[in-house]
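As provided, query.cif (mmCIF, C-alpha atoms and all ligand atoms) reads as follows.
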data_model
loop_
_atom_site.label_atom_id
_atom_site.label_comp_id
_atom_site.auth_asym_id
_atom_site.auth_seq_id
_atom_site.Cartn_x
_atom_site.Cartn_y
_atom_site.Cartn_z
CA MET E 1 -16.68 -46.71 39.77
CA THR E 2 -17.29 -43.86 42.21
CA LEU E 3 -14.50 -41.34 42.59
CA GLU E 4 -14.06 -38.89 45.40
CA TRP E 5 -12.46 -35.46 44.85
CA LEU E 6 -9.94 -34.67 47.59
CA GLY E 7 -9.17 -31.16 46.54
CA SER E 8 -6.16 -31.86 44.39
CA SER E 9 -6.78 -35.37 43.02
CA TRP E 10 -9.39 -38.05 42.63
CA TYR E 11 -9.42 -41.00 45.10
CA HIS E 12 -10.97 -44.47 45.13
CA PRO E 13 -10.41 -46.90 48.01
CA LYS E 14 -9.76 -49.94 45.79
CA CYS E 15 -7.16 -48.36 43.58
CA PRO E 16 -6.03 -45.16 45.21
CA HIS E 17 -2.79 -44.79 43.23
CA VAL E 18 -3.95 -46.00 39.83
CA CYS E 19 -7.20 -44.03 39.77
CA SER E 20 -5.63 -40.87 41.08
CA TRP E 21 -2.82 -41.09 38.51
CA HIS E 22 -5.23 -42.01 35.71
CA VAL E 23 -7.60 -39.11 36.31
CA GLU E 24 -4.75 -36.65 36.85
CA MET E 25 -3.29 -37.69 33.50
CA LYS E 26 -6.67 -37.06 31.88
CA ARG E 27 -6.96 -33.62 33.46
CA THR E 28 -3.47 -32.51 32.55
CA PRO E 29 -3.74 -33.06 28.78
CA LEU E 30 -7.11 -31.29 28.85
CA ILE E 31 -5.58 -28.18 30.43
CA LEU E 32 -2.62 -28.36 28.06
CA SER E 33 -4.98 -28.79 25.12
CA LEU E 34 -7.06 -25.78 26.13
CA THR E 35 -3.93 -23.69 26.59
CA LEU E 36 -2.59 -24.86 23.24
CA LEU E 37 -5.94 -24.21 21.56
CA ALA E 38 -6.02 -20.66 22.98
CA ALA E 39 -2.49 -20.08 21.71
CA ILE E 40 -3.36 -21.45 18.27
CA LEU E 41 -6.52 -19.33 18.02
CA SER E 42 -4.56 -16.26 19.10
CA GLY E 43 -1.89 -17.07 16.54
CA CYS E 44 -4.52 -17.57 13.85
CA ALA E 45 -5.99 -14.13 14.56
CA SER E 46 -2.55 -12.51 14.31
CA ARG E 47 -1.72 -14.48 11.20
CA GLY E 48 -5.10 -13.49 9.73
CA ASN E 49 -4.32 -9.82 10.33
CA TYR E 50 -0.88 -10.31 8.82
CA LEU E 51 -2.19 -11.95 5.65
CA ILE E 52 -5.04 -9.45 5.24
CA ASN E 53 -2.66 -6.52 5.57
CA ARG E 54 -0.08 -8.01 3.20
CA GLY E 55 -2.86 -8.56 0.64
CA GLY E 56 -4.08 -4.99 1.12
CA ASP E 57 -0.55 -3.62 0.75
CA LEU E 58 -0.09 -5.62 -2.47
CA ALA E 59 -3.44 -4.39 -3.86
CA ASP E 60 -2.25 -0.81 -3.26
CA VAL E 61 0.72 -1.19 -5.62
CA VAL E 62 -1.31 -0.82 -8.83
CA GLN E 63 -4.30 1.37 -9.60
CA VAL E 64 -5.89 1.45 -13.03
CA GLN E 65 -8.95 2.99 -14.56
CA PHE E 66 -10.22 2.30 -18.06
CA LEU E 67 -11.98 5.41 -19.31
CA ALA E 68 -14.73 6.04 -21.86
CA GLY E 69 -16.22 9.45 -22.60
CA LYS E 70 -15.54 12.91 -23.91
CA GLY E 71 -11.89 13.59 -23.44
CA ALA E 72 -8.31 13.30 -24.58
CA VAL E 73 -5.19 12.89 -22.47
CA ALA E 74 -1.52 12.14 -23.06
CA LYS E 75 0.47 12.50 -19.90
CA LEU E 76 3.31 10.93 -17.92
CA GLU E 77 4.11 11.65 -14.31
CA VAL E 78 7.34 10.44 -12.69
CA THR E 79 6.53 10.76 -9.03
CA ARG E 80 3.75 13.18 -8.16
CA LEU E 81 6.24 16.03 -8.57
CA LEU E 82 7.27 15.79 -12.24
CA HIS E 83 4.62 16.09 -14.96
CA LEU E 84 4.73 16.04 -18.76
CA GLY E 85 1.65 16.25 -20.98
CA LEU E 86 -1.91 17.46 -20.74
CA GLY E 87 -5.51 16.43 -21.12
CA HIS E 88 -9.09 16.72 -20.00
CA TYR E 89 -12.10 14.47 -19.64
CA SER E 90 -15.54 15.21 -18.29
CA ASP E 91 -18.00 12.80 -16.66
CA ALA E 92 -16.26 9.82 -18.22
CA GLY E 93 -17.33 6.30 -17.38
CA ALA E 94 -14.59 4.38 -15.61
CA ALA E 95 -13.92 0.82 -14.50
CA GLY E 96 -10.89 -0.66 -12.86
CA LEU E 97 -8.99 -1.23 -9.64
CA ALA E 98 -8.97 1.58 -7.11
CA ASN E 99 -8.79 1.77 -3.33
CA ARG E 100 -8.31 -2.00 -3.09
CA GLU E 101 -11.49 -2.85 -4.99
CA LEU E 102 -12.72 -3.59 -8.47
CA ALA E 103 -15.47 -1.12 -9.29
CA THR E 104 -17.11 1.17 -11.82
CA TRP E 105 -17.53 4.91 -11.38
CA ARG E 106 -17.69 8.24 -13.21
CA THR E 107 -15.01 10.88 -13.06
CA SER E 108 -13.73 14.15 -14.46
CA ALA E 109 -10.23 15.59 -14.52
CA CYS E 110 -8.09 18.33 -15.95
CA THR E 111 -4.37 17.61 -15.98
CA TRP E 112 -1.32 19.38 -17.33
CA GLY E 113 2.41 19.66 -16.83
CA LEU E 114 5.73 20.70 -18.26
CA LEU E 115 8.11 19.54 -15.55
CA PHE E 116 5.89 21.27 -13.01
CA GLY E 117 2.21 20.49 -13.31
CA TYR E 118 -1.09 19.78 -11.66
CA HIS E 119 -3.69 17.03 -11.74
CA ASP E 120 -7.17 18.23 -10.85
CA GLU E 121 -9.54 15.30 -10.23
CA ARG E 122 -13.21 16.23 -9.93
CA ASP E 123 -16.60 14.68 -9.30
CA THR E 124 -15.52 11.07 -8.90
CA THR E 125 -18.57 9.06 -7.94
CA ARG E 126 -18.99 5.85 -5.93
CA ILE E 127 -15.34 5.32 -4.94
CA GLY E 128 -14.79 8.73 -3.36
CA GLN E 129 -11.68 9.44 -5.37
CA PHE E 130 -9.26 7.63 -7.66
CA SER E 131 -6.08 9.45 -6.60
CA GLY E 132 -7.33 12.92 -5.76
CA SER E 133 -5.83 16.23 -6.83
CA TYR E 134 -2.16 17.12 -6.47
CA GLY E 135 0.57 19.17 -8.01
CA TRP E 136 2.20 22.57 -8.04
CA LEU E 137 0.19 25.67 -7.22
CA PHE E 138 1.33 29.06 -8.43
CA HIS E 139 -1.91 31.00 -8.53
CA GLU E 140 -2.89 30.74 -4.86
CA PRO E 141 -2.42 33.72 -2.57
CA GLY E 142 0.91 33.37 -0.81
CA PRO E 143 4.07 31.60 -1.91
CA GLY E 144 2.26 28.62 -3.51
CA GLY E 145 3.87 25.23 -3.31
CA PHE E 146 3.03 21.58 -3.71
CA GLU E 147 -0.38 20.13 -2.89
CA GLU E 148 -0.30 16.45 -1.91
CA ALA E 149 -3.04 13.98 -2.77
CA ALA E 150 -2.39 12.00 0.42
CA PRO E 151 -0.79 14.27 3.04
CA LEU E 152 -0.83 11.47 5.63
CA ASN E 153 1.10 9.06 3.40
CA GLN E 154 4.29 10.54 1.99
CA LEU E 155 4.95 7.30 0.07
CA ASP E 156 2.20 8.36 -2.35
CA LEU E 157 4.66 10.92 -3.76
CA LEU E 158 6.63 8.06 -5.35
CA THR E 159 3.78 7.12 -7.70
CA VAL E 160 4.48 6.82 -11.45
CA ARG E 161 1.40 7.50 -13.58
CA GLY E 162 0.68 7.26 -17.29
CA THR E 163 -2.57 8.28 -18.98
CA LEU E 164 -3.52 7.88 -22.62
CA MET E 165 -7.03 8.64 -23.81
CA LEU E 166 -8.93 9.63 -26.93
CA PHE E 167 -12.57 8.95 -26.04
CA LEU E 168 -11.32 5.57 -24.81
CA GLY E 169 -8.31 5.39 -22.60
CA ILE E 170 -6.29 3.90 -19.79
CA ASP E 171 -4.91 5.59 -16.70
CA LEU E 172 -2.34 3.45 -14.87
CA GLU E 173 -0.57 4.14 -11.60
CA LEU E 174 2.40 2.16 -10.31
CA LYS E 175 2.76 3.07 -6.68
CA VAL E 176 6.42 2.51 -5.93
CA GLY E 177 5.96 3.76 -2.39
CA GLU E 178 3.22 1.21 -1.74
CA PHE E 179 5.49 -1.53 -3.06
CA LEU E 180 8.08 -0.44 -0.48
CA ASP E 181 5.30 -0.57 2.12
CA PHE E 182 4.44 -4.11 0.98
CA VAL E 183 8.07 -5.24 1.30
CA ALA E 184 8.39 -3.56 4.71
CA GLY E 185 5.13 -5.20 5.74
CA ILE E 186 6.63 -8.65 5.24
CA PHE E 187 8.84 -7.76 8.22
CA GLN E 188 5.84 -6.22 10.03
CA PHE E 189 6.74 -2.58 9.43
CA ASP E 190 4.00 -0.25 8.18
CA PRO E 191 5.50 2.96 6.75
CA ALA E 192 2.25 3.79 4.91
CA GLY E 193 0.32 3.56 8.17
CA ASP E 194 -2.49 1.59 6.53
CA ASP E 195 -2.38 -1.73 8.40
CA VAL E 196 -5.53 -2.59 10.29
CA ASP E 197 -6.55 -4.98 13.07
CA SER E 198 -9.46 -7.22 12.10
CA ALA E 199 -10.72 -6.91 15.70
CA ASP E 200 -11.38 -3.23 14.99
CA TRP E 201 -13.61 -4.23 12.10
CA VAL E 202 -15.89 -5.98 14.57
CA LYS E 203 -15.94 -2.96 16.86
CA HIS E 204 -16.27 -0.46 14.04
CA PRO E 205 -17.82 -2.29 11.05
CA CA C 1 0.99 -1.33 5.19
#

Show me the file's structure as structure tokens.
Amino acid sequence: MTLEWLGSSWYHPKCPHVCSWHVEMKRTPLILSLTLLAAILSGCASRGNYLINRGGDLADVVQVQFLAGKGAVAKLEVTRLLHLGLGHYSDAGAAGLANRELATWRTSACTWGLLFGYHDERDTTRIGQFSGSYGWLFHEPGPGGFEEAAPLNQLDLLTVRGTLMLFLGIDLELKVGEFLDFVAGIFQFDPAGDDVDSADWVKHP
């Protein structure tokens, strides 16, 4: 059957009403389907970002490195501000969970504290840094003060860290602030400022 397009509907002389209605009904669901598909795809992208960021936030809650090398450490930190213990290790082999990935690396650190203290992380390979250096400075020119490991994320200050090592050891961080960020993220808040848009990954891989 030959149909003629009249600008707003299809027409056929033998069944002008039926054919016009029939084709219009076919066109309408198609448009609705395309609109619905676009909405679903858009929703999937947003939901993908949401799930990726919630997973990333959850992975931030715990950091751990298993250490092997020359060194001994016994130390507890309750927040980044309060330190008790001391230790040192040099070019130790490490494996664990850091910066949202399972990896192996080498690292050195000198750490000490008696209420006030300092953790000096050095020469960490492959992952950039485990937690970085932070603590109280008294020897610098000027009034001294507290050096933050993550100045752009104040929630890092709420980290609780325990390290125990005698040639073999474990260094565990429970990031209370990142847990708060994870809970806030469920409601789409991002106090840690670490949520990302997967579209940016395409633009800036
Ligand atoms: Ca976040």

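Interatomic distance, atom CA of E:Ser133 to atom CA of E:Leu180: 22.6 Å.
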
Compare E:Val64, E:Ala192, E:Leu164, E:Leu84 by their minimum atom-to-atom distance to E:Ala150, counting only C-alpha atoms, and give me the closest one. E:Ala192

d(atom CA of E:Ala95, atom CA of E:Gln63) in Å: 10.8 Å

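A distance search around ligand CA 1 (chain C) (7 Å at most, only C-alpha atoms and all ligand atoms) returns the following protein and nucleic acid residues: E:Asn53, E:Asp57, E:Asp181, E:Phe182, E:Gly185, E:Asp190, E:Pro191, E:Ala192, E:Gly193, E:Asp194, E:Asp195.
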
Computed interatomic separation between atom CA of E:Leu81 and atom CA of E:Asn153 (Å): 14.8 Å

Between E:Leu115, E:Gly162, E:Asp156, E:Val196, single out the one closest to E:Tyr134, counting only C-alpha atoms. E:Asp156

Would you mind telling me which residue in E:Gly71, E:Leu58, E:Gly145, E:Ala94 lies nearest to E:Gly177 when using only C-alpha atoms? E:Leu58
